[in-house]
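Engineer: File name my_file-v1.tsv; file contents TSV, C-alpha atoms and all ligand atoms; full text below.
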```tsv
chain	number	residue	atom	x	y	z
A	1074	MET	CA	-61.14	5.86	9.34
A	1075	LYS	CA	-58.80	8.40	7.80
A	1076	ASN	CA	-58.27	8.82	4.08
A	1077	VAL	CA	-55.52	7.38	1.96
A	1078	ILE	CA	-54.64	9.79	-0.83
A	1079	LEU	CA	-53.01	8.55	-4.02
A	1080	THR	CA	-52.25	10.20	-7.30
A	1081	GLY	CA	-49.68	10.00	-10.05
A	1082	ASP	CA	-48.23	11.38	-13.24
A	1083	ARG	CA	-46.75	9.87	-16.37
A	1084	PRO	CA	-43.06	10.77	-16.62
A	1085	THR	CA	-43.11	11.91	-20.23
A	1086	GLY	CA	-42.13	15.56	-19.85
A	1087	ARG	CA	-41.26	18.29	-17.41
A	1088	LEU	CA	-44.21	19.63	-15.47
A	1089	HIS	CA	-45.69	23.00	-16.43
A	1090	ILE	CA	-47.87	25.68	-14.84
A	1091	GLY	CA	-50.97	23.85	-16.09
A	1092	HIS	CA	-49.96	20.95	-13.85
A	1093	TYR	CA	-49.26	23.47	-11.11
A	1094	VAL	CA	-52.72	25.09	-10.95
A	1095	GLY	CA	-54.50	21.89	-11.99
A	1096	SER	CA	-53.03	19.61	-9.36
A	1097	LEU	CA	-49.64	20.36	-7.79
A	1098	LYS	CA	-50.90	23.37	-5.85
A	1099	GLN	CA	-53.79	21.31	-4.52
A	1100	ARG	CA	-51.41	18.53	-3.48
A	1101	VAL	CA	-49.25	20.99	-1.56
A	1102	GLU	CA	-52.36	22.09	0.33
A	1103	LEU	CA	-53.55	18.51	0.82
A	1104	GLN	CA	-50.26	17.38	2.33
A	1105	ASN	CA	-51.00	19.58	5.34
A	1106	THR	CA	-54.42	18.08	6.04
A	1107	ASP	CA	-55.31	15.11	8.21
A	1108	TYR	CA	-54.94	11.77	6.41
A	1109	ASP	CA	-53.60	8.32	7.01
A	1110	LYS	CA	-51.19	8.12	4.09
A	1111	PHE	CA	-50.35	10.11	0.94
A	1112	PHE	CA	-48.79	8.38	-2.08
A	1113	ILE	CA	-47.58	9.92	-5.33
A	1114	MET	CA	-46.72	7.47	-8.08
A	1115	ILE	CA	-44.46	8.13	-11.03
A	1116	ALA	CA	-46.45	6.11	-13.55
A	1117	ASP	CA	-43.65	4.93	-15.82
A	1118	ALA	CA	-45.30	1.63	-16.78
A	1119	GLN	CA	-48.42	3.50	-17.83
A	1120	ALA	CA	-46.30	6.00	-19.77
A	1121	LEU	CA	-44.84	3.05	-21.70
A	1122	THR	CA	-48.30	2.05	-22.94
A	1123	ASP	CA	-48.04	4.79	-25.53
A	1124	ASN	CA	-44.27	5.31	-25.49
A	1125	TYR	CA	-43.17	1.69	-25.87
A	1126	GLY	CA	-40.75	2.71	-28.61
A	1127	ASN	CA	-39.16	5.35	-26.43
A	1128	PRO	CA	-38.33	3.97	-22.97
A	1129	SER	CA	-35.34	6.31	-22.61
A	1130	LYS	CA	-37.71	9.30	-22.65
A	1131	VAL	CA	-39.63	7.76	-19.76
A	1132	ARG	CA	-36.44	6.84	-17.91
A	1133	HIS	CA	-35.09	10.38	-18.27
A	1134	HIS	CA	-38.22	12.04	-16.94
A	1135	ILE	CA	-38.54	9.99	-13.75
A	1136	ILE	CA	-36.02	12.21	-11.98
A	1137	GLU	CA	-37.18	15.34	-13.84
A	1138	VAL	CA	-40.72	14.88	-12.54
A	1139	MET	CA	-39.43	14.03	-9.09
A	1140	LEU	CA	-37.42	17.30	-9.08
A	1141	ASP	CA	-40.54	19.18	-10.17
A	1142	TYR	CA	-42.49	17.64	-7.29
A	1143	LEU	CA	-39.94	18.60	-4.68
A	1144	SER	CA	-39.38	22.06	-6.13
A	1145	VAL	CA	-43.05	23.03	-5.80
A	1146	GLY	CA	-42.86	22.12	-2.14
A	1147	LEU	CA	-44.23	18.59	-1.96
A	1148	ASP	CA	-42.67	17.25	1.21
A	1149	PRO	CA	-41.09	13.78	1.32
A	1150	LYS	CA	-41.74	13.68	5.06
A	1151	LYS	CA	-45.46	13.83	4.34
A	1152	ILE	CA	-45.70	12.01	1.03
A	1153	THR	CA	-44.45	8.63	-0.16
A	1154	PHE	CA	-43.09	8.92	-3.71
A	1155	PHE	CA	-42.48	5.79	-5.75
A	1156	ILE	CA	-41.81	4.33	-9.19
A	1157	GLN	CA	-44.76	2.33	-10.50
A	1158	SER	CA	-42.82	-0.37	-12.37
A	1159	GLU	CA	-40.75	-1.17	-9.28
A	1160	VAL	CA	-43.89	-2.35	-7.49
A	1161	ARG	CA	-44.22	-5.84	-8.93
A	1162	ALA	CA	-47.52	-6.57	-7.20
A	1163	LEU	CA	-49.25	-4.05	-9.48
A	1164	PRO	CA	-49.13	-6.04	-12.74
A	1165	GLU	CA	-50.17	-9.16	-10.84
A	1166	ILE	CA	-53.20	-7.42	-9.37
A	1167	THR	CA	-53.95	-6.03	-12.83
A	1168	ALA	CA	-53.97	-9.54	-14.25
A	1169	TYR	CA	-56.68	-10.68	-11.80
A	1170	TYR	CA	-58.82	-7.60	-12.47
A	1171	MET	CA	-58.62	-8.23	-16.22
A	1172	ASN	CA	-61.12	-11.06	-15.73
A	1173	LEU	CA	-63.67	-8.61	-14.34
A	1174	VAL	CA	-63.78	-6.15	-17.24
A	1175	THR	CA	-64.99	-6.61	-20.81
A	1176	LEU	CA	-63.13	-5.37	-23.83
A	1177	ASN	CA	-66.18	-3.36	-24.85
A	1178	ARG	CA	-66.21	-1.61	-21.51
A	1179	LEU	CA	-62.59	-0.52	-22.03
A	1180	LEU	CA	-63.31	0.69	-25.55
A	1181	ARG	CA	-66.23	2.76	-24.26
A	1182	ASN	CA	-63.97	4.70	-21.85
A	1183	PRO	CA	-64.17	8.29	-23.21
A	1184	THR	CA	-60.54	9.12	-22.38
A	1185	VAL	CA	-59.28	5.90	-23.95
A	1186	LYS	CA	-61.49	6.58	-26.97
A	1187	SER	CA	-60.06	10.03	-27.61
A	1188	GLU	CA	-56.51	8.83	-27.01
A	1189	ILE	CA	-56.99	6.03	-29.56
A	1190	GLN	CA	-57.92	8.68	-32.12
A	1191	LEU	CA	-55.14	11.03	-31.07
A	1192	ARG	CA	-52.50	8.30	-31.39
A	1193	GLY	CA	-53.94	6.97	-34.63
A	1194	PHE	CA	-54.43	3.51	-33.08
A	1195	ASP	CA	-57.73	3.33	-34.98
A	1196	SER	CA	-55.99	3.38	-38.36
A	1197	GLU	CA	-55.79	0.11	-40.26
A	1198	ASP	CA	-52.02	-0.18	-40.31
A	1199	LYS	CA	-51.64	0.47	-36.58
A	1200	GLY	CA	-54.30	-1.18	-34.42
A	1201	ILE	CA	-54.81	-0.81	-30.67
A	1202	PRO	CA	-52.10	-2.33	-28.48
A	1203	VAL	CA	-53.60	-4.57	-25.78
A	1204	GLY	CA	-51.37	-2.95	-23.16
A	1205	PHE	CA	-52.72	0.45	-24.09
A	1206	VAL	CA	-56.40	-0.42	-23.97
A	1207	ASN	CA	-55.76	-2.20	-20.68
A	1208	TYR	CA	-54.32	0.79	-18.88
A	1209	PRO	CA	-57.54	1.75	-17.06
A	1210	ILE	CA	-57.42	-1.69	-15.40
A	1211	SER	CA	-53.79	-1.19	-14.50
A	1212	GLN	CA	-54.73	2.18	-13.03
A	1213	ALA	CA	-57.41	0.48	-10.95
A	1214	ALA	CA	-54.64	-1.74	-9.57
A	1215	ASP	CA	-52.56	1.38	-8.80
A	1216	ILE	CA	-55.41	2.88	-6.83
A	1217	THR	CA	-56.70	-0.20	-5.01
A	1218	ALA	CA	-53.31	-1.72	-4.12
A	1219	PHE	CA	-52.85	1.18	-1.71
A	1220	LYS	CA	-56.50	1.22	-0.57
A	1221	ALA	CA	-56.73	4.80	-1.75
A	1222	THR	CA	-59.97	6.56	-0.83
A	1223	ILE	CA	-59.16	9.95	-2.38
A	1224	VAL	CA	-57.62	10.31	-5.84
A	1225	PRO	CA	-56.81	13.92	-6.83
A	1226	VAL	CA	-56.99	14.07	-10.63
A	1227	GLY	CA	-57.88	16.18	-13.63
A	1228	ASP	CA	-61.29	15.73	-15.22
A	1229	ASP	CA	-59.87	13.57	-18.02
A	1230	GLN	CA	-59.18	10.95	-15.34
A	1231	LEU	CA	-62.75	10.66	-14.10
A	1232	PRO	CA	-63.47	7.67	-16.39
A	1233	MET	CA	-60.48	5.86	-14.82
A	1234	ILE	CA	-61.86	6.36	-11.33
A	1235	GLU	CA	-65.28	5.20	-12.51
A	1236	GLN	CA	-63.68	2.07	-13.98
A	1237	THR	CA	-61.86	1.50	-10.70
A	1238	ARG	CA	-65.08	1.84	-8.74
A	1239	GLU	CA	-66.74	-0.76	-10.97
A	1240	ILE	CA	-63.87	-3.18	-10.38
A	1241	VAL	CA	-64.03	-2.61	-6.61
A	1242	ARG	CA	-67.76	-3.25	-6.65
A	1243	SER	CA	-67.55	-6.45	-8.67
A	1244	PHE	CA	-64.46	-7.82	-6.91
A	1245	ASN	CA	-65.95	-7.36	-3.45
A	1246	HIS	CA	-69.24	-8.82	-4.66
A	1247	ILE	CA	-67.84	-11.87	-6.48
A	1248	TYR	CA	-65.36	-12.83	-3.77
A	1249	GLU	CA	-67.77	-11.91	-0.98
A	1250	LYS	CA	-65.31	-9.87	1.02
A	1251	ASP	CA	-64.76	-6.12	1.37
A	1252	VAL	CA	-61.09	-6.30	0.52
A	1253	LEU	CA	-60.96	-3.35	-1.86
A	1254	CYS	CA	-61.67	0.25	-0.89
A	1255	MET	CA	-63.97	2.49	-2.89
A	1256	PRO	CA	-62.02	5.51	-4.19
A	1257	LYS	CA	-63.41	8.98	-4.86
A	1258	PRO	CA	-61.95	11.51	-7.30
A	1259	LEU	CA	-60.93	14.96	-6.10
A	1260	LEU	CA	-60.96	17.70	-8.73
A	1261	ALA	CA	-59.35	21.14	-8.62
A	1262	GLU	CA	-62.13	23.40	-7.32
A	1263	ASN	CA	-61.66	26.24	-9.80
A	1264	GLU	CA	-62.93	25.90	-13.39
A	1265	VAL	CA	-59.96	27.76	-14.99
A	1266	CYS	CA	-57.53	25.62	-13.07
A	1267	LEU	CA	-59.05	22.37	-14.32
A	1268	ARG	CA	-57.71	22.92	-17.80
A	1269	LEU	CA	-55.37	25.84	-18.22
A	1270	PRO	CA	-55.12	26.78	-21.91
A	1271	GLY	CA	-51.74	27.02	-23.61
A	1272	ILE	CA	-50.04	30.37	-24.29
A	1273	ASP	CA	-51.26	30.09	-27.90
A	1274	GLY	CA	-54.87	29.95	-26.76
A	1275	ASN	CA	-55.18	26.24	-27.52
A	1276	ASN	CA	-57.58	24.44	-25.21
A	1277	LYS	CA	-54.91	22.58	-23.35
A	1278	MET	CA	-51.37	23.32	-22.30
A	1279	SER	CA	-49.36	20.40	-23.54
A	1280	LYS	CA	-45.76	19.68	-24.34
A	1281	SER	CA	-46.56	18.22	-27.74
A	1282	LEU	CA	-48.34	21.44	-28.73
A	1283	GLY	CA	-45.32	23.53	-27.67
A	1284	ASN	CA	-47.50	26.00	-25.77
A	1285	CYS	CA	-46.28	25.49	-22.20
A	1286	ILE	CA	-44.73	27.60	-19.51
A	1287	PHE	CA	-42.56	25.12	-17.63
A	1288	LEU	CA	-41.85	25.31	-13.92
A	1289	THR	CA	-38.19	25.36	-14.92
A	1290	ASP	CA	-38.45	28.32	-17.33
A	1291	ASP	CA	-36.06	31.13	-16.41
A	1292	SER	CA	-37.13	34.80	-16.11
A	1293	LYS	CA	-36.23	35.65	-19.70
A	1294	THR	CA	-38.08	32.69	-21.18
A	1295	LEU	CA	-41.08	33.44	-18.99
A	1296	GLU	CA	-41.11	37.07	-20.07
A	1297	SER	CA	-40.89	36.31	-23.79
A	1298	LYS	CA	-43.58	33.61	-23.52
A	1299	ILE	CA	-45.95	36.00	-21.76
A	1300	LYS	CA	-45.21	38.73	-24.31
A	1301	SER	CA	-46.12	36.32	-27.11
A	1302	MET	CA	-49.48	35.42	-25.54
A	1303	TYR	CA	-52.70	35.85	-27.48
A	1304	THR	CA	-55.02	38.53	-26.20
A	1305	ASP	CA	-57.94	40.06	-28.07
A	1306	PRO	CA	-57.47	40.52	-31.83
A	1307	THR	CA	-60.09	43.32	-31.90
A	1308	HIS	CA	-58.18	45.29	-29.27
A	1309	VAL	CA	-55.69	46.94	-31.61
A	1310	LYS	CA	-55.10	50.36	-30.08
A	1311	VAL	CA	-54.89	51.01	-26.35
A	1312	GLU	CA	-58.08	53.12	-26.54
A	1313	ASP	CA	-60.08	50.29	-28.16
A	1314	PRO	CA	-62.57	48.49	-25.94
A	1315	GLY	CA	-61.38	44.94	-25.32
A	1316	HIS	CA	-62.74	41.46	-24.64
A	1317	VAL	CA	-61.87	39.61	-21.49
A	1318	GLU	CA	-63.54	36.29	-22.35
A	1319	GLY	CA	-61.30	34.07	-24.41
A	1320	ASN	CA	-58.42	36.44	-23.72
A	1321	ILE	CA	-55.68	34.14	-22.47
A	1322	VAL	CA	-53.91	36.77	-20.37
A	1323	PHE	CA	-57.11	37.26	-18.40
A	1324	THR	CA	-57.66	33.51	-18.19
A	1325	TYR	CA	-54.22	33.24	-16.57
A	1326	LEU	CA	-54.99	36.17	-14.27
A	1327	ASP	CA	-58.15	34.30	-13.26
A	1328	ALA	CA	-56.01	31.30	-12.39
A	1329	PHE	CA	-53.02	33.02	-10.76
A	1330	SER	CA	-53.80	36.51	-9.45
A	1331	SER	CA	-55.02	37.48	-6.01
A	1332	ASP	CA	-56.06	40.80	-4.46
A	1333	GLU	CA	-52.67	40.71	-2.73
A	1334	ASP	CA	-50.97	40.85	-6.13
A	1335	PHE	CA	-52.90	44.01	-6.99
A	1336	LYS	CA	-51.69	45.68	-3.80
A	1337	LYS	CA	-48.13	44.68	-4.57
A	1338	PHE	CA	-47.83	45.14	-8.32
A	1339	LEU	CA	-50.79	47.16	-9.62
A	1340	PRO	CA	-52.18	49.27	-6.76
A	1341	GLU	CA	-54.23	51.53	-9.06
A	1342	TYR	CA	-56.76	48.65	-9.22
A	1343	LYS	CA	-58.31	46.94	-6.24
A	1344	ASN	CA	-58.93	43.62	-7.88
A	1345	LEU	CA	-59.32	41.66	-11.11
A	1346	ASP	CA	-62.89	42.85	-11.65
A	1347	GLU	CA	-61.75	46.48	-11.75
A	1348	LEU	CA	-58.96	45.60	-14.18
A	1349	LYS	CA	-61.37	43.69	-16.41
A	1350	ASP	CA	-63.83	46.60	-16.40
A	1351	HIS	CA	-61.12	48.99	-17.53
A	1352	TYR	CA	-60.03	46.61	-20.31
A	1353	ARG	CA	-63.62	46.29	-21.54
A	1354	ARG	CA	-64.10	50.09	-21.54
A	1355	GLY	CA	-60.86	50.63	-23.45
A	1356	GLY	CA	-57.75	52.57	-22.51
A	1357	LEU	CA	-55.84	49.66	-21.02
A	1358	GLY	CA	-52.98	48.28	-23.06
A	1359	ASP	CA	-51.98	44.63	-23.44
A	1360	MET	CA	-48.41	45.36	-22.34
A	1361	LYS	CA	-49.63	46.52	-18.96
A	1362	ILE	CA	-51.66	43.40	-18.23
A	1363	LYS	CA	-48.85	41.22	-19.52
A	1364	GLN	CA	-46.34	42.98	-17.27
A	1365	PHE	CA	-48.65	42.38	-14.33
A	1366	LEU	CA	-49.03	38.69	-15.20
A	1367	TYR	CA	-45.27	38.41	-15.59
A	1368	LYS	CA	-44.65	39.82	-12.12
A	1369	ILE	CA	-47.13	37.40	-10.57
A	1370	MET	CA	-45.72	34.38	-12.38
A	1371	GLU	CA	-42.14	35.38	-11.71
A	1372	GLU	CA	-42.91	35.64	-8.01
A	1373	LEU	CA	-44.45	32.18	-8.14
A	1374	LEU	CA	-41.56	30.61	-10.04
A	1375	ILE	CA	-38.61	32.15	-8.14
A	1376	PRO	CA	-38.86	29.90	-5.08
A	1377	ILE	CA	-39.64	26.90	-7.30
A	1378	ARG	CA	-36.46	27.49	-9.33
A	1379	GLU	CA	-34.45	27.92	-6.12
A	1380	LYS	CA	-35.70	24.70	-4.58
A	1381	ARG	CA	-34.98	22.90	-7.81
A	1382	LYS	CA	-31.42	24.21	-7.84
A	1383	TYR	CA	-30.98	22.93	-4.30
A	1384	TYR	CA	-32.21	19.44	-5.17
A	1385	GLU	CA	-30.19	19.30	-8.40
A	1386	ALA	CA	-27.14	19.95	-6.26
A	1387	HIS	CA	-28.27	17.29	-3.75
A	1388	ILE	CA	-29.48	14.65	-6.15
A	1389	SER	CA	-28.66	11.77	-3.80
A	1390	GLU	CA	-31.31	13.12	-1.40
A	1391	VAL	CA	-33.82	12.92	-4.22
A	1392	LEU	CA	-32.82	9.38	-5.09
A	1393	ASP	CA	-33.09	8.32	-1.44
A	1394	VAL	CA	-36.63	9.69	-1.29
A	1395	LEU	CA	-37.58	7.59	-4.30
A	1396	LYS	CA	-35.78	4.49	-3.09
A	1397	GLU	CA	-37.31	4.60	0.37
A	1398	GLY	CA	-40.73	5.48	-0.98
A	1399	THR	CA	-40.67	2.59	-3.41
A	1400	GLU	CA	-39.86	0.22	-0.56
A	1401	VAL	CA	-42.77	1.51	1.49
A	1402	ALA	CA	-45.06	1.22	-1.54
A	1403	ASN	CA	-43.96	-2.37	-2.08
A	1404	ASN	CA	-44.88	-3.25	1.50
A	1405	TYR	CA	-48.38	-1.84	1.07
A	1406	ALA	CA	-49.03	-3.38	-2.34
A	1407	ASN	CA	-47.66	-6.81	-1.38
A	1408	LYS	CA	-49.96	-6.86	1.62
A	1409	THR	CA	-52.99	-6.02	-0.51
A	1410	LEU	CA	-51.99	-8.62	-3.10
A	1411	LEU	CA	-52.05	-11.30	-0.40
A	1412	GLU	CA	-55.49	-10.13	0.74
A	1413	ILE	CA	-56.71	-10.22	-2.84
A	1414	LYS	CA	-55.39	-13.72	-3.39
A	1415	GLU	CA	-56.85	-14.87	-0.11
A	1416	ALA	CA	-60.28	-13.44	-0.96
A	1417	MET	CA	-60.10	-15.17	-4.35
A	1418	GLY	CA	-59.05	-18.44	-2.72
A	1419	ILE	CA	-55.82	-18.66	-4.64
A	1420	LEU	CA	-53.34	-18.05	-1.84
A	1421	TYR	CA	-51.09	-21.12	-1.87
A	1422	ASN	CA	-49.43	-20.86	1.49
A	1423	GLN	CA	-48.65	-23.45	4.19
A	1424	ASP	CA	-52.38	-23.82	4.97
A	1425	PHE	CA	-52.95	-24.93	1.38
A	1426	PHE	CA	-50.19	-27.53	1.58
A	1427	ASP	CA	-51.42	-28.82	4.94
A	1428	GLU	CA	-54.90	-29.09	3.49
A	1429	GLN	CA	-53.65	-31.21	0.57
A	1430	ILE	CA	-51.72	-33.49	2.89
A	1431	LYS	CA	-54.89	-34.05	4.95
A	1432	ARG	CA	-56.96	-34.68	1.83
A	1433	TYR	CA	-54.72	-37.48	0.65
A	1434	GLU	CA	-53.96	-39.02	4.01
B	1501	LIG	N1	-53.40	8.35	-15.75
B	1501	LIG	C1	-52.71	9.36	-14.98
B	1501	LIG	C2	-52.27	10.46	-15.97
B	1501	LIG	O1	-52.19	10.23	-17.16
B	1501	LIG	C3	-51.51	8.85	-14.26
B	1501	LIG	C4	-51.83	7.78	-13.26
B	1501	LIG	C5	-51.40	6.49	-13.28
B	1501	LIG	C6	-52.63	7.93	-12.09
B	1501	LIG	N2	-51.87	5.81	-12.21
B	1501	LIG	C7	-52.63	6.66	-11.46
B	1501	LIG	C8	-53.35	8.98	-11.52
B	1501	LIG	C9	-53.34	6.43	-10.29
B	1501	LIG	C10	-54.06	8.75	-10.35
B	1501	LIG	C11	-54.06	7.49	-9.73
B	1501	LIG	O2	-51.98	11.56	-15.53
```
Translate the structure of the given file into structure tokens.

Structural biologist:
Amino acid sequence: MKNVILTGDRPTGRLHIGHYVGSLKQRVELQNTDYDKFFIMIADAQALTDNYGNPSKVRHHIIEVMLDYLSVGLDPKKITFFIQSEVRALPEITAYYMNLVTLNRLLRNPTVKSEIQLRGFDSEDKGIPVGFVNYPISQAADITAFKATIVPVGDDQLPMIEQTREIVRSFNHIYEKDVLCMPKPLLAENEVCLRLPGIDGNNKMSKSLGNCIFLTDDSKTLESKIKSMYTDPTHVKVEDPGHVEGNIVFTYLDAFSSDEDFKKFLPEYKNLDELKDHYRRGGLGDMKIKQFLYKIMEELLIPIREKRKYYEAHISEVLDVLKEGTEVANNYANKTLLEIKEAMGILYNQDFFDEQIKRYE
């Protein structure tokens, strides 16, 4: 049996180059492999679990994220894109799974735990919204409704996949039928790509920290952001020996540069190791490595910006992709919902009514 691939993003902001190396690039490669079906969900309902006061932000970013997807080269002929909240079977499936998971189990989820702290839900005047703490169960519905076997995610999502696997195991066991498929996570293979730091050196590139390079940044913005990047504070003069570890420009070069780029833009070095050696010895200035990084990133972003311009000018094409994808997604999820209800013995169809008539005859 071939794989079903499913992944998704919360539409709370434009996508940035951290998303690109961490997952979008991998999805573009994946779409050309052999699989049964590939779904990408715009997880608006999940985004609302911590943006319930700001639905217009979520609404706005549905199309923004969709444009980002298409502009990096995700192909609507190969991938089904859909809006989570338009698939009504998902909350229904979630409701049935809620009986299979304890509150303590949800509160032990490491990602949920850190998000509770981050959002201040643990403070006395706030409290934890039920919808928020429930989102791992809702994510299990997202994954299982489409019988996904492969879920490409970042490492912060591993606890969600583990939770999903537990639900699959207990559902199939309790209702004595292998209705649900066991999903596996798929991580980006490269350590740097898993969590690209922000341009300020902060651990994570994130919109709220204001340290992102967006896929939509123009050349000027890109250049000034790269110029402002942290390097090595002990590397003051060009002659000074420098540090490569913890130097964000080198971290980005680790994530983005190839030997090809050296041939094209910096032929006096064969590869990144040679460049790093020179930096460590001293005599290599920050401007030079930043210029090199700029050229690489600019080359990456040019076609992305162009594709985006095309789709912005053809927005009805984008909307059609979403509309059609959402219809396809509904067909899949509705089918699984019926199988779930049947396995649970709560499918009240004609057979049920005939049965009752017989019973009381
Ligand atoms: N939790 C994911 C995130 O925050 C988004 C998401 C929702 C998702 N449903 C999913 C990811 C199903 C993979 C599979 O990025």

Engineer: Can you tell me which residues sit at most 6 Å away from ligand LIG 1501 (chain B), counting all atoms listed in the file, written as JSON, numbers by chain?

Structural biologist: {"A": [1079, 1080, 1081, 1082, 1083, 1116, 1212, 1215, 1216, 1224]}

Engineer: Residues within 6 Å of Phe1154 in chain A, please, as a PDB file with C-alpha atoms, in the coordinates of the input. Count all atoms listed in the file; anything in the same chain fewer than 3 positions from it doesn't count.

Structural biologist:
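Wrote it out as around.pdb, contents follow:
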```
ATOM      1  CA  PHE A1112     -48.790   8.380  -2.080  1.00  0.00           C
ATOM      2  CA  ILE A1113     -47.580   9.920  -5.330  1.00  0.00           C
ATOM      3  CA  MET A1114     -46.720   7.470  -8.080  1.00  0.00           C
ATOM      4  CA  LEU A1395     -37.580   7.590  -4.300  1.00  0.00           C
ATOM      5  CA  GLY A1398     -40.730   5.480  -0.980  1.00  0.00           C
TER       6      GLY A1398
END
```

Engineer: Kindly provide the residues of range 1200-1244 of chain A that approach range 1085-1107 of chain A to within 10 Å, each paired with its closest atom pair and their distance in Å to one decimal, based on only C-alpha atoms, listed by chain and increasing number, as CSV.

Structural biologist:
```
residue,atom,partner,partner_atom,distance
A:Pro1225,CA,A:Ser1096,CA,7.3
A:Val1226,CA,A:Ser1096,CA,6.9
A:Gly1227,CA,A:Gly1095,CA,6.8
A:Asp1228,CA,A:Gly1095,CA,9.7
```

Engineer: Have a look at A:Lys1349, A:Lys1300, A:Lys1408, A:Arg1238 and name the one nearest to Met1255 in chain A; count only C-alpha atoms.

Structural biologist: A:Arg1238

Engineer: Would you mind telling me which residue in A:Met1302, A:Cys1285, A:Ile1115, A:Asp1251 lies nearest to Ile1362 in chain A when using only C-alpha atoms?

Structural biologist: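 Smallest distance to Ile1362 in chain A is found for A:Met1302.
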
Engineer: Please report the interatomic distance between CA of Pro1306 in chain A and CA of Glu1318 in chain A in Å with one decimal.

Structural biologist: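 Interatomic distance, CA of Pro1306 in chain A to CA of Glu1318 in chain A: 12.0 Å.
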
Engineer: Need the shell around Glu1379 in chain A: protein/DNA/RNA residues with any atom at most 12 Å away, counting all atoms listed in the file. Skip same-chain ones fewer than 3 positions apart. Format as a ChimeraX atom specification?

Structural biologist: /A:1140-1141,1143-1146,1288-1291,1372-1376,1382-1386

Engineer: Any chance you could export the current selection's C-alpha atoms as a PDB file, keeping the file's coordinate frame?

Structural biologist:
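The resulting file, selection22.pdb, is shown below:
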```
ATOM      1  CA  LEU A1140     -37.420  17.300  -9.080  1.00  0.00           C
ATOM      2  CA  ASP A1141     -40.540  19.180 -10.170  1.00  0.00           C
ATOM      3  CA  LEU A1143     -39.940  18.600  -4.680  1.00  0.00           C
ATOM      4  CA  SER A1144     -39.380  22.060  -6.130  1.00  0.00           C
ATOM      5  CA  VAL A1145     -43.050  23.030  -5.800  1.00  0.00           C
ATOM      6  CA  GLY A1146     -42.860  22.120  -2.140  1.00  0.00           C
ATOM      7  CA  LEU A1288     -41.850  25.310 -13.920  1.00  0.00           C
ATOM      8  CA  THR A1289     -38.190  25.360 -14.920  1.00  0.00           C
ATOM      9  CA  ASP A1290     -38.450  28.320 -17.330  1.00  0.00           C
ATOM     10  CA  ASP A1291     -36.060  31.130 -16.410  1.00  0.00           C
ATOM     11  CA  GLU A1372     -42.910  35.640  -8.010  1.00  0.00           C
ATOM     12  CA  LEU A1373     -44.450  32.180  -8.140  1.00  0.00           C
ATOM     13  CA  LEU A1374     -41.560  30.610 -10.040  1.00  0.00           C
ATOM     14  CA  ILE A1375     -38.610  32.150  -8.140  1.00  0.00           C
ATOM     15  CA  PRO A1376     -38.860  29.900  -5.080  1.00  0.00           C
ATOM     16  CA  LYS A1382     -31.420  24.210  -7.840  1.00  0.00           C
ATOM     17  CA  TYR A1383     -30.980  22.930  -4.300  1.00  0.00           C
ATOM     18  CA  TYR A1384     -32.210  19.440  -5.170  1.00  0.00           C
ATOM     19  CA  GLU A1385     -30.190  19.300  -8.400  1.00  0.00           C
ATOM     20  CA  ALA A1386     -27.140  19.950  -6.260  1.00  0.00           C
TER      21      ALA A1386
END
```

Engineer: List every residue of range 1133-1180 of chain A that has an atom at most 12 Å from any atom of range 1189-1205 of chain A, and for each one report the closest atom pair and its distance in Å to one decimal, counting all atoms listed in the file, with rows sorted by chain and then by increasing residue number, as CSV.

Structural biologist:
```
residue,atom,partner,partner_atom,distance
A:Pro1164,CA,A:Gly1204,CA,11.1
A:Thr1167,CA,A:Gly1204,CA,11.1
A:Ala1168,CA,A:Gly1204,CA,11.4
A:Met1171,CA,A:Gly1204,CA,11.3
A:Leu1176,CA,A:Val1203,CA,9.8
A:Leu1179,CA,A:Phe1205,CA,10.1
A:Leu1180,CA,A:Ile1189,CA,9.2
```

Engineer: Using all atoms listed in the file, find the one residue out of A:Phe1426, A:Tyr1208, A:Phe1155, A:Phe1219 that sits nearest to Ala1120 in chain A.

Structural biologist: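 Smallest distance to Ala1120 in chain A is found for A:Tyr1208.
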
Engineer: At what distance in Å, to one decimal, does CA of Tyr1325 in chain A lie from CA of Ile1272 in chain A?

Structural biologist: 9.2 Å
